[in-house]
>>> print(open('my_file_24.cif').read())   # mmCIF, C-alpha atoms and all ligand atoms
data_run
#
loop_
_atom_site.label_atom_id
_atom_site.label_comp_id
_atom_site.auth_asym_id
_atom_site.auth_seq_id
_atom_site.Cartn_x
_atom_site.Cartn_y
_atom_site.Cartn_z
CA MET A 12 236.87 68.13 116.44
CA VAL A 13 236.55 71.79 117.32
CA LYS A 14 234.38 74.34 115.58
CA ALA A 15 235.33 77.99 115.99
CA VAL A 16 233.02 80.76 114.80
CA VAL A 17 233.78 84.43 114.20
CA LEU A 18 230.86 86.88 114.25
CA GLY A 19 231.91 90.06 112.45
CA ALA A 20 234.38 88.04 110.40
CA ALA A 21 234.70 90.43 107.46
CA GLY A 22 235.84 93.38 109.58
CA GLY A 23 239.19 94.91 110.43
CA ILE A 24 239.66 92.51 113.34
CA GLY A 25 237.51 89.68 111.99
CA GLN A 26 239.59 88.96 108.88
CA PRO A 27 243.06 88.68 110.47
CA LEU A 28 241.52 86.89 113.46
CA ALA A 29 239.88 84.36 111.15
CA LEU A 30 243.26 83.93 109.43
CA LEU A 31 244.98 83.20 112.75
CA LEU A 32 242.22 80.76 113.78
CA LYS A 33 242.54 79.03 110.41
CA ALA A 34 246.26 78.67 111.18
CA ASN A 35 245.51 77.07 114.57
CA PRO A 36 245.81 73.28 114.18
CA LEU A 37 243.30 72.70 117.01
CA VAL A 38 240.51 74.20 114.90
CA THR A 39 238.88 71.71 112.52
CA GLU A 40 235.95 73.82 111.41
CA LEU A 41 235.73 77.60 111.05
CA GLY A 42 232.38 79.36 110.63
CA LEU A 43 232.46 82.98 109.50
CA PHE A 44 229.46 85.28 109.86
CA ASP A 45 229.07 88.95 108.99
CA ILE A 46 226.47 91.15 107.34
CA VAL A 47 228.83 91.51 104.33
CA ASN A 48 231.64 89.76 102.41
CA THR A 49 231.99 86.47 104.30
CA PRO A 50 231.74 84.25 101.19
CA GLY A 51 234.86 85.95 99.80
CA VAL A 52 236.77 85.83 103.08
CA ALA A 53 235.86 82.15 103.50
CA ALA A 54 236.85 81.24 99.91
CA ASP A 55 240.19 82.99 100.39
CA LEU A 56 240.97 81.32 103.74
CA SER A 57 239.78 77.92 102.52
CA HIS A 58 242.86 77.65 100.24
CA ILE A 59 245.23 77.69 103.24
CA SER A 60 246.71 74.25 103.85
CA THR A 61 245.62 73.74 107.47
CA PRO A 62 242.94 71.34 108.83
CA ALA A 63 240.01 73.73 109.37
CA LYS A 64 237.11 73.53 106.94
CA VAL A 65 235.92 77.11 106.35
CA GLU A 66 232.36 78.27 105.60
CA GLY A 67 231.13 81.84 105.20
CA TYR A 68 227.57 82.93 106.02
CA LEU A 69 225.46 86.07 105.53
CA PRO A 70 222.16 86.94 107.30
CA PRO A 71 219.71 85.59 104.64
CA ASP A 72 218.43 81.99 105.01
CA ASP A 73 219.26 81.77 108.71
CA GLY A 74 222.97 82.40 108.07
CA LEU A 75 223.67 83.19 111.72
CA LYS A 76 222.14 79.93 112.91
CA LYS A 77 223.97 77.94 110.23
CA ALA A 78 227.29 79.56 111.17
CA LEU A 79 226.72 78.86 114.87
CA LYS A 80 225.47 75.29 114.56
CA GLY A 81 227.79 72.98 116.51
CA ALA A 82 230.08 75.83 117.65
CA ASP A 83 232.50 75.11 120.48
CA ILE A 84 233.95 78.60 120.63
CA VAL A 85 232.45 81.84 119.34
CA VAL A 86 234.51 85.01 119.03
CA ILE A 87 232.63 88.31 118.59
CA PRO A 88 234.41 91.26 116.98
CA ALA A 89 231.20 92.59 115.34
CA GLY A 90 230.35 96.26 115.67
CA VAL A 91 231.63 99.74 115.02
CA PRO A 92 235.07 100.94 116.11
CA ARG A 93 236.04 104.34 117.54
CA LYS A 94 237.05 107.46 115.68
CA PRO A 95 239.25 110.17 117.25
CA GLY A 96 237.45 112.04 120.03
CA MET A 97 235.18 109.12 120.90
CA THR A 98 235.26 106.98 124.04
CA ARG A 99 234.49 103.28 123.98
CA ASP A 100 231.21 104.10 125.74
CA ASP A 101 230.21 106.21 122.71
CA LEU A 102 230.01 102.91 120.78
CA PHE A 103 227.39 101.50 123.14
CA LYS A 104 224.40 102.87 121.23
CA ILE A 105 225.17 100.82 118.12
CA ASN A 106 227.15 97.89 119.48
CA ALA A 107 224.81 97.00 122.36
CA GLY A 108 222.04 96.05 119.93
CA ILE A 109 224.41 94.13 117.65
CA VAL A 110 225.82 92.13 120.57
CA LYS A 111 222.36 91.49 121.99
CA ASP A 112 221.12 90.07 118.67
CA LEU A 113 224.21 87.90 118.19
CA ALA A 114 223.98 86.68 121.80
CA THR A 115 220.37 85.70 121.14
CA GLY A 116 221.54 83.65 118.18
CA ILE A 117 224.16 81.89 120.30
CA ALA A 118 221.75 81.30 123.20
CA THR A 119 219.28 79.60 120.89
CA THR A 120 221.73 77.73 118.62
CA ALA A 121 224.95 77.01 120.54
CA PRO A 122 224.24 77.73 124.21
CA LYS A 123 227.16 75.60 125.42
CA ALA A 124 229.81 77.38 123.33
CA PHE A 125 232.57 79.40 124.94
CA ILE A 126 231.92 83.04 124.06
CA LEU A 127 234.78 85.51 123.66
CA VAL A 128 233.54 89.10 123.43
CA ILE A 129 235.75 91.67 121.69
CA SER A 130 233.08 94.24 120.68
CA ASN A 131 233.33 97.45 122.68
CA PRO A 132 232.55 98.67 125.24
CA VAL A 133 233.60 95.27 126.63
CA ASN A 134 232.77 96.35 130.21
CA SER A 135 229.12 96.57 129.11
CA THR A 136 228.83 94.13 126.19
CA VAL A 137 229.85 91.14 128.32
CA PRO A 138 227.03 91.82 130.83
CA ILE A 139 224.68 92.13 127.82
CA VAL A 140 225.57 88.60 126.68
CA ALA A 141 225.11 87.31 130.24
CA GLU A 142 221.67 88.92 130.56
CA VAL A 143 220.49 87.59 127.20
CA PHE A 144 221.63 84.10 128.21
CA LYS A 145 219.83 84.44 131.57
CA LYS A 146 216.62 85.45 129.76
CA HIS A 147 216.91 82.26 127.74
CA GLY A 148 217.69 80.19 130.83
CA VAL A 149 221.07 79.00 129.50
CA PHE A 150 223.64 81.22 131.26
CA ASP A 151 226.80 79.42 132.36
CA PRO A 152 229.17 82.06 133.80
CA LYS A 153 232.15 79.76 133.25
CA ARG A 154 231.77 80.02 129.48
CA LEU A 155 231.66 83.78 128.97
CA PHE A 156 234.84 85.84 128.52
CA GLY A 157 235.53 89.50 127.79
CA VAL A 158 238.73 89.66 125.79
CA THR A 159 241.17 91.99 127.58
CA THR A 160 244.27 90.30 126.14
CA LEU A 161 245.26 93.35 124.10
CA ASP A 162 245.91 95.24 127.35
CA VAL A 163 248.15 92.38 128.45
CA VAL A 164 249.93 92.26 125.08
CA ARG A 165 250.50 96.03 125.22
CA ALA A 166 251.81 95.82 128.79
CA SER A 167 254.30 93.11 127.75
CA THR A 168 255.51 95.15 124.79
CA PHE A 169 255.82 98.46 126.62
CA VAL A 170 257.62 96.87 129.59
CA ALA A 171 260.06 95.11 127.23
CA GLU A 172 260.63 98.46 125.49
CA ILE A 173 261.50 100.09 128.82
CA ILE A 174 263.81 97.22 129.75
CA GLY A 175 265.40 97.90 126.37
CA ASP A 176 265.00 94.44 124.82
CA LEU A 177 261.97 93.86 122.61
CA SER A 178 262.97 90.22 122.17
CA LEU A 179 261.76 89.74 125.76
CA SER A 180 258.24 90.95 124.99
CA LYS A 181 256.87 87.49 124.28
CA ASP A 182 258.02 86.33 127.73
CA VAL A 183 257.07 89.37 129.78
CA VAL A 184 253.89 88.65 131.73
CA VAL A 185 252.07 91.50 133.44
CA PRO A 186 248.64 90.82 134.93
CA VAL A 187 246.17 93.51 133.84
CA VAL A 188 242.98 93.56 135.91
CA GLY A 189 239.74 95.54 136.19
CA GLY A 190 238.07 96.11 132.84
CA HIS A 191 238.81 97.26 129.31
CA SER A 192 238.61 101.04 129.03
CA GLY A 193 240.75 103.89 130.33
CA VAL A 194 240.97 103.98 134.11
CA THR A 195 239.33 100.56 134.45
CA ILE A 196 242.48 99.03 132.89
CA VAL A 197 244.78 98.36 135.84
CA PRO A 198 248.23 96.93 135.11
CA LEU A 199 249.82 95.22 138.10
CA LEU A 200 253.38 96.18 137.16
CA SER A 201 254.69 95.12 140.58
CA GLN A 202 253.85 91.53 139.55
CA SER A 203 255.64 91.76 136.18
CA SER A 204 257.60 88.58 135.44
CA HIS A 205 260.44 90.91 134.42
CA PRO A 206 260.96 93.71 136.97
CA LEU A 207 261.18 97.29 135.71
CA PRO A 208 264.62 98.94 135.98
CA SER A 209 265.10 100.27 139.52
CA SER A 210 266.30 103.53 137.93
CA LEU A 211 262.83 104.14 136.44
CA SER A 212 261.53 107.47 137.76
CA GLN A 213 258.09 107.85 139.31
CA GLU A 214 257.07 110.01 136.34
CA SER A 215 258.15 107.35 133.85
CA HIS A 216 256.32 104.68 135.87
CA ALA A 217 253.14 106.78 135.84
CA ALA A 218 253.57 107.40 132.10
CA LEU A 219 253.86 103.64 131.51
CA VAL A 220 250.64 102.98 133.44
CA ASN A 221 248.91 105.71 131.45
CA ARG A 222 250.21 104.30 128.14
CA ILE A 223 248.81 100.84 128.97
CA GLN A 224 245.47 102.36 130.02
CA PHE A 225 245.17 104.54 126.92
CA GLY A 226 247.08 102.44 124.35
CA GLY A 227 243.88 102.13 122.33
CA ASP A 228 243.73 105.92 121.92
CA GLU A 229 247.26 105.91 120.49
CA VAL A 230 246.09 103.67 117.64
CA VAL A 231 242.77 105.50 117.11
CA LYS A 232 244.70 108.77 116.77
CA ALA A 233 247.28 107.32 114.39
CA LYS A 234 244.59 105.74 112.20
CA ASN A 235 243.00 109.19 112.02
CA GLY A 236 239.38 108.21 111.40
CA ALA A 237 240.04 104.80 109.82
CA GLY A 238 239.19 102.87 113.00
CA SER A 239 241.00 101.42 115.99
CA ALA A 240 243.39 98.57 116.71
CA THR A 241 242.68 95.65 114.38
CA LEU A 242 245.91 93.74 113.74
CA SER A 243 247.20 93.80 117.32
CA MET A 244 243.67 92.93 118.46
CA ALA A 245 243.48 89.99 116.07
CA TYR A 246 246.83 88.77 117.43
CA ALA A 247 245.62 89.21 121.02
CA GLY A 248 242.24 87.58 120.32
CA ALA A 249 243.90 84.62 118.65
CA GLU A 250 246.33 84.25 121.57
CA PHE A 251 243.46 84.15 124.05
CA ALA A 252 241.38 81.83 121.85
CA ALA A 253 244.40 79.51 121.53
CA LYS A 254 244.61 79.28 125.33
CA VAL A 255 240.89 78.52 125.61
CA LEU A 256 241.28 75.85 122.91
CA ARG A 257 244.29 74.26 124.65
CA ALA A 258 242.33 74.15 127.92
CA LEU A 259 239.35 72.66 126.11
CA ASN A 260 241.76 70.07 124.73
CA GLY A 261 242.61 69.01 128.30
CA GLU A 262 245.80 70.96 128.95
CA LYS A 263 246.01 71.94 132.63
CA GLY A 264 247.20 75.06 134.43
CA ILE A 265 246.56 77.58 131.64
CA VAL A 266 246.15 81.07 133.09
CA ALA A 267 245.11 84.26 131.32
CA PRO A 268 243.50 87.49 132.44
CA SER A 269 239.93 87.89 131.24
CA TYR A 270 236.83 89.93 132.11
CA VAL A 271 234.48 87.34 133.57
CA SER A 272 231.35 87.00 135.66
CA VAL A 273 232.38 86.56 139.28
CA ALA A 274 229.64 83.91 139.48
CA ALA A 275 232.05 81.66 137.56
CA ASP A 276 233.92 80.77 140.76
CA ALA A 277 232.34 81.39 144.17
CA SER A 278 235.48 81.11 146.28
CA GLY A 279 237.61 83.13 143.84
CA SER A 280 234.95 85.83 143.73
CA ALA A 281 234.70 85.94 147.53
CA ALA A 282 238.45 86.52 147.70
CA LEU A 283 238.22 89.19 145.01
CA THR A 284 235.39 90.98 146.81
CA LYS A 285 237.47 91.01 149.97
CA GLU A 286 240.46 92.43 148.10
CA LEU A 287 238.38 95.06 146.28
CA GLY A 288 236.24 95.96 149.30
CA GLN A 289 233.25 95.87 146.98
CA GLU A 290 231.16 93.32 145.15
CA LEU A 291 231.12 93.59 141.36
CA ALA A 292 229.28 91.25 139.00
CA PHE A 293 232.14 91.30 136.45
CA PHE A 294 235.85 91.84 136.84
CA SER A 295 238.97 91.08 134.85
CA SER A 296 241.47 89.02 136.75
CA ASN A 297 243.82 86.15 136.08
CA VAL A 298 241.66 83.14 135.34
CA GLU A 299 242.64 79.50 135.23
CA LEU A 300 241.05 77.80 132.22
CA GLY A 301 239.74 74.26 132.10
CA THR A 302 237.63 71.99 129.91
CA GLU A 303 234.46 73.70 131.22
CA GLY A 304 235.79 77.25 130.80
CA VAL A 305 236.69 79.25 133.92
CA ALA A 306 238.15 76.73 136.39
CA LYS A 307 239.23 79.35 138.90
CA ILE A 308 239.30 83.10 139.36
CA ILE A 309 242.72 83.86 140.80
CA PRO A 310 242.84 86.58 143.47
CA LEU A 311 244.90 89.70 142.80
CA GLY A 312 247.62 88.80 145.28
CA LYS A 313 250.09 91.29 146.67
CA ILE A 314 249.64 94.74 145.18
CA THR A 315 251.25 98.09 145.89
CA GLU A 316 249.59 101.17 147.35
CA GLY A 317 249.72 102.81 143.92
CA GLU A 318 247.95 99.83 142.37
CA GLN A 319 245.34 99.95 145.11
CA THR A 320 244.67 103.58 144.18
CA LEU A 321 244.27 102.61 140.53
CA ILE A 322 241.79 99.87 141.45
CA LYS A 323 239.80 102.30 143.61
CA ALA A 324 239.52 104.63 140.62
CA ALA A 325 238.38 101.76 138.37
CA LEU A 326 235.58 100.40 140.57
CA PRO A 327 232.87 103.10 140.24
CA GLU A 328 233.39 103.32 136.47
CA LEU A 329 233.17 99.53 136.12
CA ALA A 330 230.03 99.34 138.26
CA LYS A 331 228.40 101.99 136.05
CA ASN A 332 229.41 100.20 132.83
CA ILE A 333 228.01 96.88 134.09
CA GLU A 334 224.73 98.50 135.09
CA THR A 335 224.42 100.12 131.65
CA GLY A 336 224.68 96.70 129.99
CA VAL A 337 222.24 95.02 132.36
CA ASN A 338 219.69 97.83 132.04
CA PHE A 339 219.90 97.77 128.25
CA VAL A 340 218.76 94.15 128.14
CA SER A 341 215.99 94.54 130.71
CA GLU A 342 214.67 97.58 128.81
CA ALA A 343 214.80 95.66 125.52
CA TYR A 344 212.88 92.72 126.96
CA LYS A 345 210.11 95.01 128.19
CA THR A 346 209.01 95.33 124.57
CA GLU A 347 210.09 91.99 123.18
CA GLU A 348 209.81 88.39 124.28
CA PRO A 349 212.95 86.27 124.27
CA ARG A 350 212.94 84.17 121.13
CA LEU A 351 212.99 80.67 122.55
N1 LIG B 401 238.38 94.18 123.16
C1 LIG B 401 239.34 94.87 122.60
O1 LIG B 401 240.45 94.91 123.14
C2 LIG B 401 239.13 95.58 121.33
C3 LIG B 401 237.87 95.74 120.81
N2 LIG B 401 237.66 96.38 119.62
C4 LIG B 401 236.28 96.50 119.15
O2 LIG B 401 236.01 95.52 118.17
C5 LIG B 401 234.91 95.95 117.34
C6 LIG B 401 235.21 95.72 115.87
O3 LIG B 401 236.28 96.52 115.44
P1 LIG B 401 236.79 96.49 113.92
O4 LIG B 401 236.95 95.11 113.46
O5 LIG B 401 237.94 97.42 113.84
O6 LIG B 401 235.53 97.14 113.16
P2 LIG B 401 235.12 96.97 111.62
O7 LIG B 401 234.11 98.00 111.34
O8 LIG B 401 236.34 96.93 110.77
O9 LIG B 401 234.47 95.52 111.59
C7 LIG B 401 233.28 95.23 112.25
C8 LIG B 401 232.54 94.19 111.45
O10 LIG B 401 231.34 93.89 112.13
C9 LIG B 401 230.36 93.66 111.15
N3 LIG B 401 229.02 93.75 111.71
C10 LIG B 401 228.27 94.83 112.00
N4 LIG B 401 227.06 94.46 112.46
C11 LIG B 401 227.05 93.11 112.48
C12 LIG B 401 226.09 92.14 112.85
N5 LIG B 401 224.89 92.48 113.31
N6 LIG B 401 226.42 90.84 112.72
C13 LIG B 401 227.64 90.48 112.27
N7 LIG B 401 228.58 91.36 111.90
C14 LIG B 401 228.30 92.65 112.01
C15 LIG B 401 230.64 94.72 110.09
O11 LIG B 401 230.02 94.39 108.85
C16 LIG B 401 232.16 94.67 110.03
O12 LIG B 401 232.62 93.76 109.06
C17 LIG B 401 234.69 97.41 117.72
O13 LIG B 401 233.60 97.51 118.59
C18 LIG B 401 235.96 97.79 118.44
O14 LIG B 401 235.78 98.86 119.33
C19 LIG B 401 238.71 96.86 118.89
C20 LIG B 401 240.00 96.70 119.35
C21 LIG B 401 240.31 96.10 120.61
O1 LIG B 402 240.62 101.74 121.62
C1 LIG B 402 239.67 101.18 121.04
O2 LIG B 402 238.61 101.73 120.78
C2 LIG B 402 239.84 99.75 120.66
C3 LIG B 402 240.30 99.02 121.83
O3 LIG B 402 239.53 98.58 122.66
C4 LIG B 402 241.74 98.94 122.07
O4 LIG B 402 242.54 99.19 121.16
O5 LIG B 402 242.11 98.61 123.20
#
>>> encode(input="my_file_24.cif", output="structure tokens", more="lines below")
Ligand SMILES: NC(=O)C1=CN([C@@H]2O[C@H](COP(=O)(O)OP(=O)(O)OC[C@H]3O[C@@H](n4cnc5c(N)ncnc54)[C@H](O)[C@@H]3O)[C@@H](O)[C@H]2O)C=CC1
Ligand SMILES: O=C([O-])CC(=O)C(=O)O
Amino acid sequence: MVKAVVLGAAGGIGQPLALLLKANPLVTELGLFDIVNTPGVAADLSHISTPAKVEGYLPPDDGLKKALKGADIVVIPAGVPRKPGMTRDDLFKINAGIVKDLATGIATTAPKAFILVISNPVNSTVPIVAEVFKKHGVFDPKRLFGVTTLDVVRASTFVAEIIGDLSLSKDVVVPVVGGHSGVTIVPLLSQSSHPLPSSLSQESHAALVNRIQFGGDEVVKAKNGAGSATLSMAYAGAEFAAKVLRALNGEKGIVAPSYVSVAADASGSAALTKELGQELAFFSSNVELGTEGVAKIIPLGKITEGEQTLIKAALPELAKNIETGVNFVSEAYKTEEPRL
């Protein structure tokens, strides 16, 4: 029996993500929470002939707690998306508070659940969840994940496009490390399961890296004020959630990149720190998943000089983003006691 919960379930990502989770046979219960429209979304999904029992909740009458009760996995796509001209960091002002409140609900109601954070800026919202959990004395770094899968999905698609065979895109695996915004997104193209054509010029290689780093902007621009990636994000979020669910179900050797606390695996983090030349509290790297969450943080492995340069550019930005998240929670708790 597995209960999955989506917080922000009526949104552009939340609805298709809830649909894909409803279609996942490993999910037996699906809790949907949002500040609007969840009863309708839940009624609609509940007619689909798959095992999950679906319930929708709104804030009145402890809706958040009811949605979270008994949760094994909680996915968070709640919050505002970008409009053209905005960076992901511009979302912090609104989304930090939303994520903090939802994290408080999880810490008090389902502290053992795996938490998958989609809300931007991921580089900062994941540290926010960690800090809230620490304040409540329930933080387990193995169970907290920033969802960076869309960067991986984009890298697979764009590499397959360059190879000239989109049918390969499902099989192309490119580790994407660092974080989830602009220069912090570092694709390790040299480790692609399908090598790039040797005829690819340096300019085209650089353009590919840039497209993976700024793929989100492409969608924001095309949507022209109507938001950011929702459908590809729902696909990516469901892919990552499916891997977490398979690992929870006992399947071994499942690996996926994710933005995690380095405290999740001491030896993996020591290796990472050595590779990066700097200690960071959170970093996205390939992670092996197990029944308890992060089983192992896998070191970066052999990378090129160009990739080293990209990582160097990512580190200061990441460090700043992490600090912003941590500071937000400590400031908030100066004026409020954790609700235990
Ligand atoms: N990690 C990633 O790769 C990606 C992250 N995102 C981020 O995901 C977030 C959501 O994006 P969209 O679904 O497009 O936005 P949206 O505006 O369509 O949906 C957000 C939903 O969150 C709900 N919400 C707001 N406050 C809430 C609260 N306190 N509790 C529960 N629900 C609440 C809203 O009512 C709305 O239904 C944004 O922050 C966006 O930047 C988007 C794409 C990719
Ligand atoms: O670009 C955005 O704001 C949404 C996002 O994170 C992405 O599409 O990667």
>>> closest_residue(input="my_file_24.cif", among="A:Ala141, A:Ile126, A:Leu329, A:Val220", to="Val163 of chain A", atoms="only C-alpha atoms")
A:Val220
>>> residues_near_point(input="my_file_24.cif", point="(239.2, 95.9, 115.0)", cutoff="8 Å", atoms="all atoms listed in the file", output="PyMOL selection string")
chain A and resi 22-25+88+92+238-242+244-245
>>> residues_near_ligand(input="my_file_24.cif", ligand="ligand LIG 402 (chain B)", cutoff="7 Å", atoms="all atoms listed in the file", output="PyMOL selection string")
chain A and resi 92-93+99+131+161-162+191-192+226-228+230-231+239-240+244
>>> write_last_selection(input="my_file_24.cif", atoms="C-alpha atoms", output="tab-separated table (two decimals), in the coordinates of the input")
chain	number	residue	atom	x	y	z
A	92	PRO	CA	235.07	100.94	116.11
A	93	ARG	CA	236.04	104.34	117.54
A	99	ARG	CA	234.49	103.28	123.98
A	131	ASN	CA	233.33	97.45	122.68
A	161	LEU	CA	245.26	93.35	124.10
A	162	ASP	CA	245.91	95.24	127.35
A	191	HIS	CA	238.81	97.26	129.31
A	192	SER	CA	238.61	101.04	129.03
A	226	GLY	CA	247.08	102.44	124.35
A	227	GLY	CA	243.88	102.13	122.33
A	228	ASP	CA	243.73	105.92	121.92
A	230	VAL	CA	246.09	103.67	117.64
A	231	VAL	CA	242.77	105.50	117.11
A	239	SER	CA	241.00	101.42	115.99
A	240	ALA	CA	243.39	98.57	116.71
A	244	MET	CA	243.67	92.93	118.46
>>> residues_around(input="my_file_24.cif", residues="Asn260 of chain A", least_positions_apart="5", cutoff="12 Å", atoms="all atoms listed in the file", output="VMD selection string")
chain A and resid 12 to 13 36 to 38 83 253 to 255 265 300 to 304
>>> residues_near_point(input="my_file_24.cif", point="(245.6, 89.8, 125.0)", cutoff="7 Å", atoms="all atoms listed in the file", output="CSV table (one decimal) with C-alpha atoms, in the coordinates of the input")
chain,number,residue,atom,x,y,z
A,158,VAL,CA,238.7,89.7,125.8
A,159,THR,CA,241.2,92.0,127.6
A,160,THR,CA,244.3,90.3,126.1
A,161,LEU,CA,245.3,93.4,124.1
A,162,ASP,CA,245.9,95.2,127.4
A,163,VAL,CA,248.2,92.4,128.4
A,164,VAL,CA,249.9,92.3,125.1
A,247,ALA,CA,245.6,89.2,121.0
A,248,GLY,CA,242.2,87.6,120.3
A,250,GLU,CA,246.3,84.2,121.6
A,251,PHE,CA,243.5,84.2,124.0
>>> axis_aligned_box(input="my_file_24.cif", around="ligand LIG 401 (chain B)", padding_each_side="8 Å", output="JSON")
{"center_x": 232.7, "center_y": 94.7, "center_z": 116.0, "size_x": 31.6, "size_y": 24.4, "size_z": 30.3}
>>> residues_around(input="my_file_24.cif", residues="Leu199 of chain A", least_positions_apart="2", cutoff="12 Å", atoms="all atoms listed in the file", output="count of residues only")
39
>>> atom_distance(input="my_file_24.cif", atom1="atom O8 of ligand LIG 401 (chain B)", atom2="atom CA of Ala21 of chain A")
7.5 Å
>>> atom_distance(input="my_file_24.cif", atom1="atom CA of Asp112 of chain A", atom2="atom N5 of ligand LIG 401 (chain B)")
7.0 Å
>>> atom_distance(input="my_file_24.cif", atom1="atom CA of Ala292 of chain A", atom2="atom CA of Glu347 of chain A")
24.9 Å
>>> closest_residue(input="my_file_24.cif", among="A:Gly74, A:Gly19, A:Gly90, A:Gly81", to="Glu40 of chain A", atoms="all atoms listed in the file")
A:Gly81
>>> decode(input="my_file_24.cif", residues="segment 124-143 of chain A", atoms="N, CA and C atoms", output="PDB file, in the first residue's frame")
ATOM      1  N   ALA A 124       7.740  10.674   5.300  1.00  0.00           N
ATOM      2  CA  ALA A 124       7.469  10.586   3.855  1.00  0.00           C
ATOM      3  C   ALA A 124       8.694  11.017   3.050  1.00  0.00           C
ATOM      4  N   PHE A 125       8.814  10.471   1.847  1.00  0.00           N
ATOM      5  CA  PHE A 125       9.799  10.996   0.896  1.00  0.00           C
ATOM      6  C   PHE A 125       9.216  12.287   0.336  1.00  0.00           C
ATOM      7  N   ILE A 126      10.041  13.329   0.270  1.00  0.00           N
ATOM      8  CA  ILE A 126       9.540  14.620  -0.213  1.00  0.00           C
ATOM      9  C   ILE A 126      10.249  14.979  -1.516  1.00  0.00           C
ATOM     10  N   LEU A 127       9.462  15.255  -2.538  1.00  0.00           N
ATOM     11  CA  LEU A 127       9.998  15.604  -3.848  1.00  0.00           C
ATOM     12  C   LEU A 127       9.600  17.046  -4.149  1.00  0.00           C
ATOM     13  N   VAL A 128      10.582  17.947  -4.140  1.00  0.00           N
ATOM     14  CA  VAL A 128      10.280  19.377  -4.278  1.00  0.00           C
ATOM     15  C   VAL A 128      10.448  19.822  -5.733  1.00  0.00           C
ATOM     16  N   ILE A 129       9.359  20.357  -6.282  1.00  0.00           N
ATOM     17  CA  ILE A 129       9.372  20.884  -7.655  1.00  0.00           C
ATOM     18  C   ILE A 129       9.359  22.417  -7.635  1.00  0.00           C
ATOM     19  N   SER A 130       8.691  23.010  -6.627  1.00  0.00           N
ATOM     20  CA  SER A 130       8.511  24.465  -6.562  1.00  0.00           C
ATOM     21  C   SER A 130       9.844  25.196  -6.658  1.00  0.00           C
ATOM     22  N   ASN A 131       9.877  26.204  -7.501  1.00  0.00           N
ATOM     23  CA  ASN A 131      11.097  26.993  -7.698  1.00  0.00           C
ATOM     24  C   ASN A 131      11.224  28.154  -6.732  1.00  0.00           C
ATOM     25  N   PRO A 132      12.429  28.641  -6.501  1.00  0.00           N
ATOM     26  CA  PRO A 132      13.714  28.140  -6.989  1.00  0.00           C
ATOM     27  C   PRO A 132      14.170  26.911  -6.187  1.00  0.00           C
ATOM     28  N   VAL A 133      14.245  25.770  -6.879  1.00  0.00           N
ATOM     29  CA  VAL A 133      14.565  24.493  -6.224  1.00  0.00           C
ATOM     30  C   VAL A 133      15.857  24.583  -5.395  1.00  0.00           C
ATOM     31  N   ASN A 134      16.855  25.332  -5.935  1.00  0.00           N
ATOM     32  CA  ASN A 134      18.133  25.427  -5.212  1.00  0.00           C
ATOM     33  C   ASN A 134      17.944  25.964  -3.796  1.00  0.00           C
ATOM     34  N   SER A 135      16.873  26.760  -3.601  1.00  0.00           N
ATOM     35  CA  SER A 135      16.610  27.351  -2.278  1.00  0.00           C
ATOM     36  C   SER A 135      15.440  26.690  -1.553  1.00  0.00           C
ATOM     37  N   THR A 136      14.448  26.186  -2.299  1.00  0.00           N
ATOM     38  CA  THR A 136      13.269  25.626  -1.617  1.00  0.00           C
ATOM     39  C   THR A 136      13.596  24.292  -0.931  1.00  0.00           C
ATOM     40  N   VAL A 137      14.534  23.540  -1.494  1.00  0.00           N
ATOM     41  CA  VAL A 137      14.922  22.276  -0.848  1.00  0.00           C
ATOM     42  C   VAL A 137      15.602  22.548   0.508  1.00  0.00           C
ATOM     43  N   PRO A 138      16.571  23.496   0.567  1.00  0.00           N
ATOM     44  CA  PRO A 138      17.103  23.854   1.889  1.00  0.00           C
ATOM     45  C   PRO A 138      16.027  24.359   2.853  1.00  0.00           C
ATOM     46  N   ILE A 139      14.998  25.021   2.339  1.00  0.00           N
ATOM     47  CA  ILE A 139      13.915  25.493   3.223  1.00  0.00           C
ATOM     48  C   ILE A 139      13.233  24.290   3.882  1.00  0.00           C
ATOM     49  N   VAL A 140      12.910  23.280   3.091  1.00  0.00           N
ATOM     50  CA  VAL A 140      12.260  22.086   3.661  1.00  0.00           C
ATOM     51  C   VAL A 140      13.177  21.450   4.712  1.00  0.00           C
ATOM     52  N   ALA A 141      14.464  21.351   4.395  1.00  0.00           N
ATOM     53  CA  ALA A 141      15.422  20.742   5.335  1.00  0.00           C
ATOM     54  C   ALA A 141      15.444  21.506   6.652  1.00  0.00           C
ATOM     55  N   GLU A 142      15.485  22.844   6.557  1.00  0.00           N
ATOM     56  CA  GLU A 142      15.562  23.659   7.781  1.00  0.00           C
ATOM     57  C   GLU A 142      14.295  23.534   8.616  1.00  0.00           C
ATOM     58  N   VAL A 143      13.138  23.513   7.956  1.00  0.00           N
ATOM     59  CA  VAL A 143      11.882  23.360   8.695  1.00  0.00           C
ATOM     60  C   VAL A 143      11.882  22.006   9.424  1.00  0.00           C
TER      61      VAL A 143
END
